[in-house]
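Encoded as structure tokens, the structure appears first; notes follow it.
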Amino acid sequence: YLIRKDVRQHPEHICYRRAPMLSLRTSRLVIRDHVWDDLEAYHSLVSDRAAMRFMPEIYCRDMDETRGRLRVAIEESQRQCRRKYFLAVLLAESDTYLGDVGFTITKTEMAGSLAALGYFYLPEHWGNGYATEAAERTIRFGFEEAGIHKMVTGCLCENTGSEQVMIRCGFRKEAHLKQQVFHEGIWKDRVEYGLLREEWAHKERPRSQVPGPGS
């Protein structure tokens, strides 16, 4: 895929032109744009109450609702001025669908964009490191090729698995919001994390290239 930015345009009109399908890889995973053949697998995720426990706004009660959500992901992948990257995560060796990862661009300036990262997986695939691996690759794409200046993400405090993914990816905690979200009949605390492109770049540099004391 190829992405380039026309900096002569106003910030709100900045576009990233790319090949028809975005596809990223890691040692174990393929992270790609959704296609209509994903419908049944995607429905198994967004209709799973355990997987959607902390994301009730995404939970789908039937196939029609799932089809509508998948349509948004596919239509966004075809936009020239794309703001939403909702990507399927699959095992490279078997093409097994694991879940979703992605980000939404929330603000764009000439110097870069702000984006919100999200991810959710089928329960049978929890605990294998897939969420962290896919998030790291997606973050790399965002900073290196999609013009992202800063990524933010967050979760309810009790969602410790999700918070650990944020920490392992290098995010820094920026806020602990007391009784911020009404969930399962009670008010709950939420944590918010952020990661700057320069922080990510420093983290990605080989240790041998990181200046030592006095250098």
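Residue numbers start at 1 in each chain; chains themselves are named A, B, ... in the order of the structure tokens; ligands are numbered from 1 in the order shown.
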Would you mind writing down, as a ChimeraX atom specification, each residue of region 48-117 of chain A that DSSP on the backbone assigns to strand (DSSP E)? /A:84-91,97-109,112-117
Polymer residues at most 6 Å from region 96-99 of chain A, only C-alpha atoms, same-chain spacing of 6 or more positions, as a ChimeraX atom specification: /A:89-90,120-122
Next, write the just-selected residues to a file, as a compact mmCIF listing (two decimals), in the first residue's frame, keeping N, CA, C and O atoms as the atom set.
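Written out: out00.txt:
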# COMPACT_ATOMS: atom_id res chain seq x y z
N VAL A 89 -8.35 -8.80 12.57
CA VAL A 89 -7.10 -9.44 12.98
C VAL A 89 -7.25 -10.95 12.80
O VAL A 89 -8.20 -11.55 13.33
N LEU A 90 -6.34 -11.56 12.03
CA LEU A 90 -6.41 -12.99 11.75
C LEU A 90 -5.06 -13.65 12.00
O LEU A 90 -4.01 -13.01 11.90
N PHE A 120 -10.83 -5.25 20.38
CA PHE A 120 -11.65 -6.23 21.10
C PHE A 120 -11.54 -7.57 20.39
O PHE A 120 -11.46 -7.62 19.17
N TYR A 121 -11.56 -8.65 21.20
CA TYR A 121 -11.26 -9.99 20.68
C TYR A 121 -12.23 -11.02 21.22
O TYR A 121 -12.81 -10.84 22.30
N LEU A 122 -12.37 -12.10 20.48
CA LEU A 122 -13.17 -13.23 20.95
C LEU A 122 -12.52 -13.82 22.20
O LEU A 122 -11.29 -13.98 22.26
Within 12 Å of Leu87 (chain A), counting only C-alpha atoms, which residues qualify if same-chain residues fewer than 5 places away don't, as a VMD selection string? chain A and resid 21 to 25 29 to 35 38 42 70 72 to 74 76 to 77 97 to 104 117 to 121 134 to 135 137 to 138
For CA of Glu57 (chain A) and CA of Gln180 (chain A), determine how far apart the two atoms are, in Å to one decimal place.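 These two atoms are separated by 15.9 Å.
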Find the residues near Met55 (chain A): any atom within 12 Å, counting only C-alpha atoms, skip ones fewer than 6 places away on the same chain, and give them as a PyMOL selection string. chain A and resi 45-49+118-121+154-156+159+162+181+183-184
Create the file for the chosen residues now, containing C-alpha atoms and written as a tab-separated table (two decimals), in the first residue's frame.
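Final output, saved to out12.tsv:
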chain	number	residue	atom	x	y	z
A	45	LEU	CA	-17.52	-11.19	17.99
A	46	VAL	CA	-19.95	-8.28	18.24
A	47	SER	CA	-22.80	-10.52	19.42
A	48	ASP	CA	-20.67	-12.14	22.15
A	49	ARG	CA	-21.70	-10.66	25.50
A	118	GLY	CA	-9.56	0.56	20.17
A	119	TYR	CA	-9.50	-3.25	20.12
A	120	PHE	CA	-11.65	-6.23	21.10
A	121	TYR	CA	-11.26	-9.99	20.68
A	154	GLY	CA	-8.78	4.20	27.67
A	155	CYS	CA	-10.92	1.72	29.56
A	156	LEU	CA	-12.80	1.13	32.79
A	159	ASN	CA	-10.83	-3.93	32.58
A	162	SER	CA	-7.16	-3.95	28.24
A	181	VAL	CA	-19.00	5.87	33.24
A	183	HIS	CA	-21.96	0.69	33.52
A	184	GLU	CA	-23.88	-2.37	34.72
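In this model, the gap between CA of Ala131 (chain A) and CA of Glu204 (chain A) comes to 18.3 Å.
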Please extract the residues of chain A with a backbone DSSP assignment of helix (DSSP H, G or I) and present them as a VMD selection string. chain A and resid 11 to 13 36 to 46 63 to 77 123 to 125 130 to 145 160 to 168 197 to 204 207 to 209
Residues at most 7 Å from Glu174 (chain A), counting only C-alpha atoms, excluding those fewer than 6 positions away in the same chain, as a list of chain:residue names?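 Residues meeting the cut-off are A:Glu192, A:Tyr193, A:Gly194.
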Can you work out which one of A:His43, A:Phe54, A:Lys203, A:Cys81 has the shortest atom-to-atom distance to Phe182 (chain A), counting only C-alpha atoms? A:Phe54
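Between CA of Met166 (chain A) and CA of Thr132 (chain A) the interatomic distance comes to 7.9 Å.
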Write out as a PyMOL selection string the residues lying within 10 Å of Trp200 (chain A), counting only C-alpha atoms and excluding same-chain residues fewer than 6 positions away. chain A and resi 136+139-140+143+150+169-171
Restrict the selected residues to N, CA and C atoms and save them as a short mmCIF file (atom, residue, chain, number, x, y, z; two decimals), in the first residue's frame.
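Result written to out04.cif:
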data_model
loop_
_atom_site.label_atom_id
_atom_site.label_comp_id
_atom_site.auth_asym_id
_atom_site.auth_seq_id
_atom_site.Cartn_x
_atom_site.Cartn_y
_atom_site.Cartn_z
N GLU A 136 0.39 -2.96 18.56
CA GLU A 136 1.71 -2.40 18.26
C GLU A 136 1.90 -2.18 16.76
N ILE A 139 -0.36 0.76 15.69
CA ILE A 139 0.22 2.02 16.15
C ILE A 139 1.37 2.43 15.24
N ARG A 140 2.20 1.46 14.89
CA ARG A 140 3.32 1.74 13.99
C ARG A 140 2.82 2.29 12.66
N PHE A 143 1.56 5.99 13.17
CA PHE A 143 2.61 7.00 13.32
C PHE A 143 3.48 7.12 12.06
N LYS A 150 -0.58 11.94 17.79
CA LYS A 150 -0.82 11.37 19.13
C LYS A 150 -1.98 10.40 19.06
N CYS A 169 2.17 -1.42 25.18
CA CYS A 169 2.38 -0.70 23.93
C CYS A 169 3.07 0.65 24.14
N GLY A 170 3.35 0.99 25.39
CA GLY A 170 4.09 2.21 25.66
C GLY A 170 3.25 3.43 25.99
N PHE A 171 1.94 3.26 26.12
CA PHE A 171 1.09 4.39 26.47
C PHE A 171 1.36 4.85 27.91
#
Selected residue of minimal separation from Ala50 (chain A) among A:Trp126, A:Phe86, A:Trp36, A:Phe141, counting only C-alpha atoms: A:Trp126
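Of the residues under consideration (A:Ala51, A:Ala201, A:Thr26, A:Glu144), A:Ala51 shows the shortest atom-to-atom contact distance to Glu124 (chain A) when counting only C-alpha atoms.
Compared by their closest atoms to Glu109 (chain A), and using only C-alpha atoms, the residues A:Arg172, A:Gly147, A:Glu65, A:Leu39 rank with A:Gly147 nearest.
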